[in-house]
Every structure is written in C-alpha cells, then in structure tokens.
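See below for data16.txt, which holds compact mmCIF, C-alpha atoms.
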# COMPACT_ATOMS: atom_id res chain seq x y z
CA MET B 1 -22.24 -11.41 15.56
CA PRO B 2 -20.45 -8.45 17.26
CA PRO B 3 -20.25 -5.34 15.04
CA ALA B 4 -16.43 -5.47 14.88
CA ASP B 5 -16.46 -9.05 13.57
CA LEU B 6 -19.26 -8.33 11.08
CA ALA B 7 -17.42 -5.26 9.78
CA LEU B 8 -14.21 -7.26 9.44
CA LEU B 9 -15.94 -10.07 7.56
CA LEU B 10 -17.74 -7.74 5.14
CA THR B 11 -14.64 -5.62 4.48
CA ALA B 12 -12.53 -8.73 3.85
CA LEU B 13 -15.15 -10.04 1.40
CA GLY B 14 -15.29 -6.64 -0.32
CA GLY B 15 -11.51 -6.59 -0.75
CA LEU B 16 -11.45 -10.15 -2.04
CA GLY B 17 -14.20 -9.26 -4.52
CA LEU B 18 -12.22 -6.29 -5.82
CA ARG B 19 -9.10 -8.42 -6.29
CA LEU B 20 -10.98 -11.22 -8.03
CA ALA B 21 -12.78 -8.70 -10.26
CA GLY B 22 -9.42 -7.24 -11.27
CA VAL B 23 -8.01 -10.65 -12.20
CA TRP B 24 -11.19 -11.50 -14.11
CA LEU B 25 -11.29 -8.17 -15.97
CA ALA B 26 -7.65 -8.44 -17.00
CA GLY B 27 -7.97 -12.04 -18.22
CA GLY B 28 -6.49 -12.53 -21.66
CA LEU B 29 -5.16 -9.00 -21.99
CA SER B 30 -1.48 -8.31 -22.64
CA THR B 31 0.64 -5.86 -20.65
CA GLU B 32 0.51 -3.49 -23.66
CA HIS B 33 -3.30 -3.35 -23.81
CA PRO B 34 -4.66 0.19 -23.19
CA ALA B 35 -6.92 -1.04 -20.36
CA ILE B 36 -3.90 -2.47 -18.56
CA ALA B 37 -1.91 0.72 -19.17
CA TRP B 38 -4.81 2.74 -17.74
CA ALA B 39 -5.19 0.49 -14.68
CA THR B 40 -1.44 0.65 -14.04
CA ALA B 41 -1.54 4.45 -14.26
CA VAL B 42 -4.49 4.58 -11.84
CA ALA B 43 -2.72 2.26 -9.38
CA GLN B 44 0.51 4.27 -9.53
CA ALA B 45 -1.36 7.56 -9.20
CA THR B 46 -3.29 6.18 -6.20
CA LEU B 47 -0.05 5.23 -4.49
CA ALA B 48 1.45 8.65 -5.25
CA ALA B 49 -1.66 10.33 -3.83
CA PHE B 50 -1.46 8.14 -0.73
CA VAL B 51 2.19 9.14 -0.15
CA THR B 52 1.42 12.82 -0.77
CA LEU B 53 -1.46 12.84 1.72
CA ALA B 54 0.49 10.83 4.30
CA ILE B 55 3.42 13.26 4.15
CA VAL B 56 1.60 16.59 3.69
CA ALA B 57 -1.66 16.05 5.58
CA PRO B 58 -1.49 12.85 7.66
CA ALA B 59 -4.14 11.68 10.09
CA GLY B 60 -3.53 10.07 13.48
CA ALA B 61 -0.21 9.85 15.31
CA LEU B 62 1.87 10.86 12.28
CA ALA B 63 0.25 14.31 12.43
CA ASP B 64 2.21 14.88 15.66
CA VAL B 65 5.44 14.94 13.60
CA PRO B 66 6.05 18.49 12.29
CA LEU B 67 5.70 18.96 8.52
CA PRO B 68 9.36 20.07 8.04
CA ALA B 69 10.54 16.83 9.69
CA ARG B 70 8.32 14.73 7.42
CA LEU B 71 9.50 16.60 4.32
CA VAL B 72 13.20 16.38 5.22
CA GLY B 73 12.85 12.65 5.91
CA LEU B 74 11.18 12.18 2.53
CA VAL B 75 13.77 14.22 0.61
CA ILE B 76 16.75 12.54 2.29
CA GLY B 77 15.30 9.07 1.79
CA VAL B 78 14.55 9.64 -1.90
CA THR B 79 17.96 11.26 -2.46
CA VAL B 80 19.79 8.33 -0.87
CA CYS B 81 17.65 5.92 -2.92
CA LEU B 82 18.47 7.64 -6.20
CA THR B 83 22.18 7.99 -5.42
CA THR B 84 22.73 4.40 -4.24
CA ARG B 85 21.33 2.64 -7.32
CA GLN B 86 17.92 2.33 -5.66
CA ARG B 87 18.99 0.40 -2.58
CA LEU B 88 15.85 0.63 -0.50
CA LEU B 89 16.93 -0.35 3.01
CA PRO B 90 19.75 2.23 3.41
CA ALA B 91 17.42 4.86 1.95
CA LEU B 92 14.65 3.89 4.36
CA ILE B 93 16.97 4.12 7.36
CA ALA B 94 18.47 7.44 6.19
CA GLY B 95 15.03 8.98 5.68
CA LEU B 96 13.80 7.81 9.09
CA LEU B 97 16.92 9.10 10.87
CA ALA B 98 16.65 12.45 9.08
CA MET B 99 13.00 12.79 10.14
CA LEU B 100 13.88 11.93 13.75
CA ALA B 101 16.82 14.38 13.74
CA VAL B 102 14.73 17.30 12.48
CA ARG B 103 11.92 16.46 14.89
CA GLY B 104 14.47 16.40 17.73
CA LEU B 105 15.61 19.92 16.78
CA GLY B 106 12.06 21.27 16.99
CA MET H 107 7.95 -22.47 -9.13
CA THR H 108 9.93 -23.27 -5.96
CA SER H 109 13.12 -21.83 -7.41
CA ALA H 110 11.51 -18.39 -7.64
CA PHE H 111 9.59 -18.73 -4.37
CA LEU H 112 12.77 -18.33 -2.32
CA PRO H 113 14.03 -15.22 -4.13
CA GLY H 114 10.58 -13.67 -3.59
CA LEU H 115 10.74 -14.61 0.08
CA ARG H 116 14.23 -13.09 0.42
CA GLU H 117 13.14 -9.89 -1.35
CA ALA H 118 10.25 -9.48 1.12
CA ILE H 119 12.51 -9.72 4.16
CA GLY H 120 14.57 -6.60 3.30
CA ALA H 121 13.18 -3.07 3.08
CA PRO H 122 9.60 -4.25 2.41
CA GLY H 123 9.67 -6.37 5.57
CA VAL H 124 10.92 -3.45 7.66
CA ALA H 125 8.24 -1.16 6.24
CA MET H 126 5.48 -3.76 6.74
CA ALA H 127 6.60 -4.62 10.26
CA ALA H 128 6.72 -0.96 11.33
CA THR H 129 3.28 -0.19 9.92
CA PHE H 130 1.57 -3.28 11.29
CA LEU H 131 3.23 -2.82 14.67
CA ALA H 132 1.56 0.58 14.90
CA PHE H 133 -1.71 -0.98 13.68
CA GLY H 134 -1.61 -3.62 16.42
CA ALA H 135 -1.18 -0.89 19.02
CA ALA H 136 -4.15 1.03 17.58
CA VAL H 137 -6.33 -2.12 17.73
CA GLN H 138 -5.48 -2.59 21.41
CA GLU H 139 -6.35 1.06 22.11
CA ALA H 140 -9.69 0.68 20.34
CA GLY H 141 -10.64 -2.13 22.73
CA LEU H 142 -10.54 -4.93 20.16
CA GLY H 143 -8.77 -8.27 20.63
CA PRO H 144 -5.52 -9.73 19.27
CA GLY H 145 -7.46 -12.25 17.18
CA TRP H 146 -9.30 -9.40 15.49
CA ALA H 147 -5.98 -7.67 14.78
CA LEU H 148 -4.58 -10.82 13.17
CA LEU H 149 -7.69 -11.54 11.11
CA ALA H 150 -7.89 -7.91 9.96
CA CYS H 151 -4.29 -8.13 8.71
CA TRP H 152 -4.76 -11.40 6.90
CA GLY H 153 -8.36 -10.96 5.78
CA ILE H 154 -8.34 -7.33 4.67
CA TYR H 155 -4.58 -6.89 4.06
CA GLY H 156 -4.95 -3.24 3.14
CA MET H 157 -3.87 -0.79 5.83
CA PRO H 158 -6.10 2.20 5.01
CA GLY H 159 -9.23 0.01 5.15
CA GLN H 160 -8.05 -1.64 8.35
CA LEU H 161 -7.57 1.78 9.95
CA VAL H 162 -11.05 2.91 8.91
CA LEU H 163 -12.53 -0.02 10.88
CA VAL H 164 -10.30 0.61 13.91
CA GLN H 165 -11.34 4.25 13.98
CA ALA H 166 -14.99 3.24 13.71
CA ALA H 167 -14.56 0.74 16.56
CA ALA H 168 -12.82 3.38 18.70
CA GLY H 169 -15.86 5.61 18.13
CA GLY H 170 -18.25 2.84 19.21
CA TRP H 171 -19.53 2.28 15.64
CA ALA H 172 -21.46 5.54 16.00
CA GLY H 173 -21.88 5.88 12.22
CA GLY H 174 -23.05 2.29 11.84
CA VAL H 175 -21.29 -0.83 10.60
CA GLY H 176 -22.51 -0.30 7.04
CA SER H 177 -20.92 3.09 6.58
CA ALA H 178 -17.65 1.89 8.17
CA VAL H 179 -17.54 -1.08 5.78
CA MET H 180 -18.31 1.12 2.76
CA GLY H 181 -15.56 3.53 3.79
CA ALA H 182 -13.07 0.71 4.33
CA VAL H 183 -13.84 -0.95 0.98
CA ALA H 184 -13.75 2.40 -0.86
CA VAL H 185 -10.38 3.35 0.58
CA ASN H 186 -9.02 -0.06 -0.45
CA ALA H 187 -10.56 0.13 -3.94
CA ARG H 188 -7.06 0.40 -5.42
CA PHE H 189 -7.00 -3.42 -5.19
CA LEU H 190 -9.02 -3.47 -8.42
CA PRO H 191 -6.62 -1.55 -10.72
CA MET H 192 -3.67 -3.23 -9.02
CA ALA H 193 -5.10 -6.67 -9.78
CA VAL H 194 -5.85 -5.59 -13.36
CA SER H 195 -2.30 -4.36 -13.94
CA LEU H 196 -0.64 -7.30 -12.18
CA THR H 197 -2.56 -10.13 -13.86
CA PRO H 198 -0.89 -9.93 -17.30
CA MET H 199 2.51 -9.82 -15.58
CA LEU H 200 1.79 -13.05 -13.67
CA SER H 201 -0.39 -14.90 -16.12
CA THR H 202 0.82 -17.78 -18.25
CA GLY H 203 -2.57 -18.39 -19.84
CA ASP H 204 -4.55 -20.20 -17.16
CA ARG H 205 -6.11 -17.62 -14.84
CA GLY H 206 -7.11 -20.36 -12.36
CA ARG H 207 -3.45 -20.73 -11.45
CA LEU H 208 -3.48 -17.15 -10.14
CA LEU H 209 -6.10 -17.84 -7.44
CA PRO H 210 -3.54 -18.56 -4.66
CA ALA H 211 -1.98 -15.15 -5.38
CA VAL H 212 -5.26 -13.20 -5.10
CA PRO H 213 -5.23 -12.58 -1.30
CA PHE H 214 -1.72 -11.11 -1.57
CA ILE H 215 -2.63 -8.39 -4.05
CA ALA H 216 -1.96 -5.28 -1.98
CA VAL H 217 0.23 -2.22 -2.24
CA THR H 218 3.55 -3.64 -1.03
CA PRO H 219 3.55 -6.90 -3.04
CA TRP H 220 2.10 -5.11 -6.08
CA ALA H 221 4.74 -2.37 -6.04
CA ALA H 222 7.58 -4.83 -5.48
CA ALA H 223 6.23 -7.10 -8.21
CA MET H 224 5.94 -4.29 -10.76
CA ARG H 225 9.56 -3.43 -9.99
CA SER H 226 11.03 -6.96 -9.98
CA LEU H 227 8.87 -9.17 -12.22
CA PRO H 228 9.95 -7.77 -15.61
CA ALA H 229 13.45 -9.17 -14.94
CA ILE H 230 12.10 -12.62 -13.97
CA GLU H 231 11.23 -15.38 -16.42
CA ARG H 232 7.45 -15.51 -16.98
CA GLN H 233 7.05 -19.12 -15.79
CA ALA H 234 8.77 -18.27 -12.50
CA ARG H 235 6.85 -15.06 -11.73
CA LEU H 236 3.91 -16.62 -9.88
CA GLY H 237 6.29 -18.48 -7.56
CA TRP H 238 8.18 -15.26 -6.88
CA PHE H 239 4.95 -13.40 -6.10
CA LEU H 240 3.71 -16.15 -3.78
CA GLY H 241 7.05 -16.15 -1.93
CA PHE H 242 6.95 -12.39 -1.53
CA GLY H 243 3.26 -12.19 -0.68
CA LEU H 244 3.22 -15.04 1.84
CA THR H 245 6.28 -13.66 3.63
CA SER H 246 4.80 -10.16 3.78
CA TRP H 247 1.55 -11.62 5.09
CA VAL H 248 3.30 -13.51 7.89
CA VAL H 249 5.42 -10.46 8.78
CA ALA H 250 2.29 -8.28 8.87
CA GLY H 251 0.39 -10.64 11.17
CA ALA H 252 3.32 -11.20 13.52
CA ALA H 253 4.04 -7.46 13.72
CA ALA H 254 0.39 -6.65 14.43
CA LEU H 255 0.33 -9.15 17.30
CA ALA H 256 3.60 -7.72 18.66
CA GLY H 257 2.20 -4.20 18.39
CA PHE H 258 -0.96 -5.27 20.21
CA HIS H 259 1.01 -6.62 23.15
CA LEU H 260 3.55 -3.76 23.15
CA ALA H 261 0.91 -1.04 22.85
CA GLU H 262 1.33 0.32 26.33
CA SER H 263 5.10 0.66 25.98
CA LEU H 264 4.86 2.44 22.62
CA GLY H 265 4.48 6.18 23.15
CA SER H 266 2.84 8.44 20.57
CA GLN H 267 6.27 9.60 19.38
CA ALA H 268 7.44 6.05 18.69
CA ARG H 269 4.17 5.25 16.97
CA ALA H 270 4.52 8.33 14.77
CA ALA H 271 8.01 7.24 13.74
CA LEU H 272 6.71 3.77 12.89
CA LEU H 273 3.87 5.24 10.83
CA PHE H 274 6.30 7.44 8.90
CA ILE H 275 8.20 4.42 7.56
CA ASN H 276 5.26 3.21 5.46
CA PRO H 277 4.73 6.27 3.21
CA LEU H 278 8.51 6.73 3.05
CA TYR H 279 8.90 3.19 1.74
CA TYR H 280 6.21 3.74 -0.91
CA ALA H 281 7.87 7.03 -1.87
CA LEU H 282 11.15 5.17 -2.42
CA LEU H 283 9.41 2.61 -4.63
CA LEU H 284 7.84 5.41 -6.65
CA ALA H 285 11.16 7.28 -6.88
CA ALA H 286 12.58 4.29 -8.72
CA GLY H 287 9.99 4.92 -11.45
CA LEU H 288 10.77 8.59 -11.93
CA ASN H 289 13.40 7.82 -14.56
CA GLU H 290 10.79 6.57 -17.03
CA PRO H 291 8.17 8.84 -18.60
CA THR H 292 5.09 6.58 -18.17
CA PRO H 293 5.32 6.01 -14.40
CA ARG H 294 6.63 9.55 -13.92
CA ARG H 295 3.45 10.97 -15.48
CA ALA H 296 1.25 8.79 -13.24
CA ILE H 297 3.21 9.68 -10.10
CA LEU H 298 3.14 13.43 -10.75
CA CYS H 299 -0.54 13.44 -11.74
CA GLY H 300 -1.45 11.33 -8.69
CA ALA H 301 0.48 13.62 -6.35
CA GLY H 302 -1.25 16.65 -7.89
CA ALA H 303 -4.68 15.01 -7.70
CA ALA H 304 -4.16 14.38 -3.98
CA SER H 305 -5.42 17.96 -3.55
CA LEU H 306 -8.92 16.51 -4.12
CA ALA H 307 -8.68 15.55 -0.45
CA LEU H 308 -9.39 19.20 0.31
CA VAL H 309 -12.90 18.94 -1.09
CA LEU H 310 -13.87 15.25 -0.75
CA PRO H 311 -14.55 13.01 2.27
CA ALA H 312 -11.42 11.14 3.39
CA SER H 313 -12.85 7.73 2.45
CA MET H 314 -13.38 8.82 -1.17
CA ALA H 315 -10.43 11.17 -1.67
CA LEU H 316 -7.74 8.56 -2.29
CA LEU H 317 -9.81 6.63 -4.80
CA ALA H 318 -10.84 9.83 -6.60
CA ALA H 319 -7.25 11.12 -6.69
CA GLY H 320 -6.04 7.83 -8.16
CA MET H 321 -8.79 7.71 -10.77
CA VAL H 322 -8.42 11.34 -11.83
CA GLY H 323 -4.63 11.45 -11.69
CA GLY H 324 -4.18 8.06 -13.35
CA THR H 325 -6.66 8.83 -16.12
CA ILE H 326 -5.02 12.18 -16.88
CA ALA H 327 -1.58 10.50 -16.96
CA PHE H 328 -2.92 7.77 -19.27
CA LEU H 329 -4.47 10.32 -21.66
CA LEU H 330 -1.29 12.44 -21.68
CA GLY H 331 0.69 9.31 -22.51
CA ARG H 332 -1.66 8.43 -25.39
CA ARG H 333 -1.38 11.96 -26.79
CA HIS H 334 2.40 11.87 -26.48
CA ALA H 335 2.55 8.48 -28.24
CA SER H 336 0.33 9.62 -31.13
CA ARG H 337 2.59 12.57 -31.98

Could I get this structure in the form of structure tokens?
Amino acid sequence: MPPADLALLLTALGGLGLRLAGVWLAGGLSTEHPAIAWATAVAQATLAAFVTLAIVAPAGALADVPLPARLVGLVIGVTVCLTTRQRLLPALIAGLLAMLAVRGLG
Amino acid sequence: MTSAFLPGLREAIGAPGVAMAATFLAFGAAVQEAGLGPGWALLACWGIYGMPGQLVLVQAAAGGWAGGVGSAVMGAVAVNARFLPMAVSLTPMLSTGDRGRLLPAVPFIAVTPWAAAMRSLPAIERQARLGWFLGFGLTSWVVAGAAALAGFHLAESLGSQARAALLFINPLYYALLLAAGLNEPTPRRAILCGAGAASLALVLPASMALLAAGMVGGTIAFLLGRRHASR
C-alpha cells in the first residue's frame, strides 16, 4: 500500500477510535456530571487555543497575511457578531472584508 | 427524527457551510500541490474529517514522508485528539438512553458540528436532537468533500493570497462561535484559559501544542469553576 494511503487509513482509524472512546466513556453520564463538565471545558479550551494560534502564529499560507490584518478581521467579525444578536454569516463576511481591506492597505 | 433532520441541514448551509467550504477548498488545493490525487483528498475529508490532522498528512506527503509514516500518523492523531473530549461532552446532549443509536453520528463528531450542536441543541427537544445532528453533520460532510474536490481542480488558479483569505475564514468562524459563549461564565473561563494556554506552543512541538493547551486550559477552567461553585 502506498505510504499516503496507509497514513490516511491509520489516521482515519485513530480518529474513529477517539470518537468511539468518547461516546463509550460518556455513556450513562448526565450533562451535569463533573467528567462531562471537564471534557466540555477541555474541548472549548482546545478550540480557543486553535483560534489563538491560527490568528497570532499561523502556519502555511495564512502566515502571508500580516498580523494587524488578521487581528482587525477578528475584532470586526466578533464585534459584528455580538452587536447583531450573534448572526454568524454577516459577521463572517464583515470580518473577512475587514481583513482584506487592512491587508490591501499594507 | 426527520423533522429535525431538515433544520439541522438548513443550519449547516449558512455560516458553517461557508466556513467549511472555504477551508476545504484550500485543503484540496494543498493536496494537489503535494502531488496526491483527488480520491485521496475526498477520502481524507470523509475519513479523517479533522482539518489539522489532514494538514499534518499533506505536509508529510509534500516532504516525501521523510519522517516516516508512523510519526506522521501519530502527529495527525494527536492534533485531532480533541475528538475525544468533544465526543464525551456531546454524548449526553444527544443520548436518549440507548448509546447504539448514536453510532451513525460518530463519524460527524468534529469541531464544526460539535460547536454548532453545543450552541443549538439545548433549544431542541431531546428526542429530535440526533436527527438534527445527523442533518447538520451529513450536510457539512458533503460540503467538505465537494469543496475539497473543487479546490483540487482549481488549485492552479488559486494564488497564495486567495488561499490565505480562504484559510482565514475557518479560525474566524470558530472565533464567532466562541464569542457567543462569552456571555456565560463557564464557557468564558474555558475560552480565556484555552487562549492563554495557547502560549504552550512556544515550548512544545506543533503536533502536541494544541492538545496540551486544551488539556491545561480546560482543566484550569474546570477547577476554577468548581472553586467558584463551592463558595
């Protein structure tokens, strides 16, 4: 089997195993159980860390966008989200346009 | 179940669909650049369904698997290890007693469906939640695969600037989802602690940094919440 296909198969199996393990571990527990509260906090913190790293220190093509442009896009998007009763699509478009505008000024 | 399937499907077509399409479009282009095929791009989307892990493999392929397949797989699984706490936190929201009924939902447990579910499911009747999640997850899955294929075939016409813009949409979308939780103390603690713990990336390898930041930040937030509650 070519290395790319083998890597894909093993990674897919690893991900499926993690998901199944999570469902199995949580079986029978209520949403108020401390283990569920901890897992939810870890998942939310992971997502927050992912966003922080992607905005502040991204890898790949996103690193070509200057930091001020990324930060302005983030701030404008979140501001629009919070001021439009959390309507995601307008906030997404506003944040993207703000990032592109600041990048264009650079 | 079908009555909630369609609302889930509709929810996935809005902002989540745009964010997914943009990210997977850029992924498809990266797969083409790495010399892999369109079938691999599609199977990676549907089989792994976790962008950081997918990108680890693409980067390894672009480097000719110089570090070995084993280390690439370990890195990809580690960076997608958030599937575990996400599945743990989602299961009680979806469950109606019989865990076997959740099996069709398992492949769709990933950041976008999880975040949307945590936001929308509390307002949905428990019996209808699994249908909603399947509608959302299946739609996101199809959008992701189609966008990756489009990105693969459009790779040569997408410049680095366009690709950067597409890649920006994904963290921005997640930031918007998190912003919605800032009004409540429990998610706010987790978000702030996770953002602070991201600094662990300065001292840890990239494949481990995200998992470590989530574990450390989430555990601190959980303990702070327990202390606050016991006062």

Legend entry - Within 9 Å of segment 16-28 of chain B using all atoms listed in the file, minus same-chain residues under 3 positions, as a VMD selection string: (chain B and resid 11 to 13 35 to 36) or (chain H and resid 153 to 154 183 186 to 198 201 203 to 205 208 to 209 212 to 213 215 to 216)

Legend entry - Counting all atoms listed in the file, the option among B:Leu62, B:Val56, B:Leu9, B:Val75 closest to chain H: B:Leu62

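Residues in contact with Val72 of chain B at up to 8 Å, not including ones fewer than 3 positions away on its chain and judged by all atoms listed in the file, are Pro68, Ala69, Val75, Ile76, Gly95, Ala98, Met99 and Val102 of chain B.
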
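The gap separating atom CA of Arg333 of chain H from atom CA of Ala285 of chain H is 24.0 Å, in Å to one decimal.
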
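For Ala61 of chain B, the list of residues within 8 Å, based on all atoms listed in the file and with local chain neighbours fewer than 4 positions off taken out, reads B:Val65, H:Ser266, H:Gln267, H:Arg269, H:Ala270, H:Leu273.
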
Restrict the calculation to only C-alpha atoms, then for each residue of segment 1-104 of chain B with any atom at most 12 Å from an atom of segment 297-300 of chain H give the closest atom pair and their distance in Å to one decimal, rows by chain and rising residue number, as a Markdown table.
| residue | atom | partner | partner_atom | distance |
| --- | --- | --- | --- | --- |
| B:Thr40 | CA | H:Ile297 | CA | 10.9 |
| B:Ala41 | CA | H:Ile297 | CA | 8.2 |
| B:Val42 | CA | H:Gly300 | CA | 8.0 |
| B:Ala43 | CA | H:Gly300 | CA | 9.2 |
| B:Gln44 | CA | H:Ile297 | CA | 6.1 |
| B:Ala45 | CA | H:Gly300 | CA | 3.8 |
| B:Thr46 | CA | H:Gly300 | CA | 6.0 |
| B:Leu47 | CA | H:Gly300 | CA | 7.5 |
| B:Ala48 | CA | H:Gly300 | CA | 5.2 |
| B:Ala49 | CA | H:Gly300 | CA | 5.0 |
| B:Phe50 | CA | H:Gly300 | CA | 8.6 |
| B:Val51 | CA | H:Gly300 | CA | 9.5 |
| B:Thr52 | CA | H:Gly300 | CA | 8.6 |
| B:Leu53 | CA | H:Gly300 | CA | 10.5 |

Inset, instruction - Return the single residue from H:Ile230, H:Ala136, H:Ala253, H:Met199 that is closest to chain B, with distances computed using all atoms listed in the file. - result: H:Met199

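Among the candidates H:Val185, H:Ala318, H:Ala121, H:Ala166, the residue lying nearest to chain B is H:Ala121 (atoms considered: all atoms listed in the file).
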
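Of the listed residues B:Val80, B:Ala59, B:Leu89, B:Leu71, the one whose atoms come nearest to chain H is B:Leu89, with distances taken using only C-alpha atoms.
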
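Look at Leu96 of chain B: the protein and nucleic acid residues within 7 Å of it, using all atoms listed in the file and passing over chain neighbours fewer than 3 places away, are Gly73, Leu92, Ile93, Met99 and Leu100 of chain B; Ile275 of chain H.
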
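Minimum atom-to-atom distances from H:Leu316, H:Ala110, H:Val248, H:Leu329 to Arg232 of chain H were compared using all atoms listed in the file, and the lowest value belongs to H:Ala110.
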
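For the pair atom CA of Ala315 of chain H and atom CA of Met180 of chain H, the separation is 13.5 Å.
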
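Within 10 Å of Ala140 of chain H, once only C-alpha atoms are used and residues closer than 4 positions along the same chain are dropped, the contacting residues are Gly134, Ala135, Ala136, Leu163, Val164, Gln165, Ala166, Ala167, Ala168, Gly169 and Gly170 of chain H.
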
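Closest to Trp220 of chain H among H:Ala303, H:Ala234, H:Ala178, H:Leu240 is H:Leu240, based on only C-alpha atoms.
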
Legend entry - Computed interatomic separation between atom CA of Arg295 of chain H and atom CA of Ala327 of chain H (Å): 5.3 Å

Could you work out an axis-aligned bounding box for all listed atoms of segment 19-28 of chain B, with 6 Å added on each of the six sides, and give its centre and edge lengths in Å to one decimal, as JSON?
{"center_x": -9.6, "center_y": -9.9, "center_z": -14.0, "size_x": 18.3, "size_y": 17.3, "size_z": 27.4}
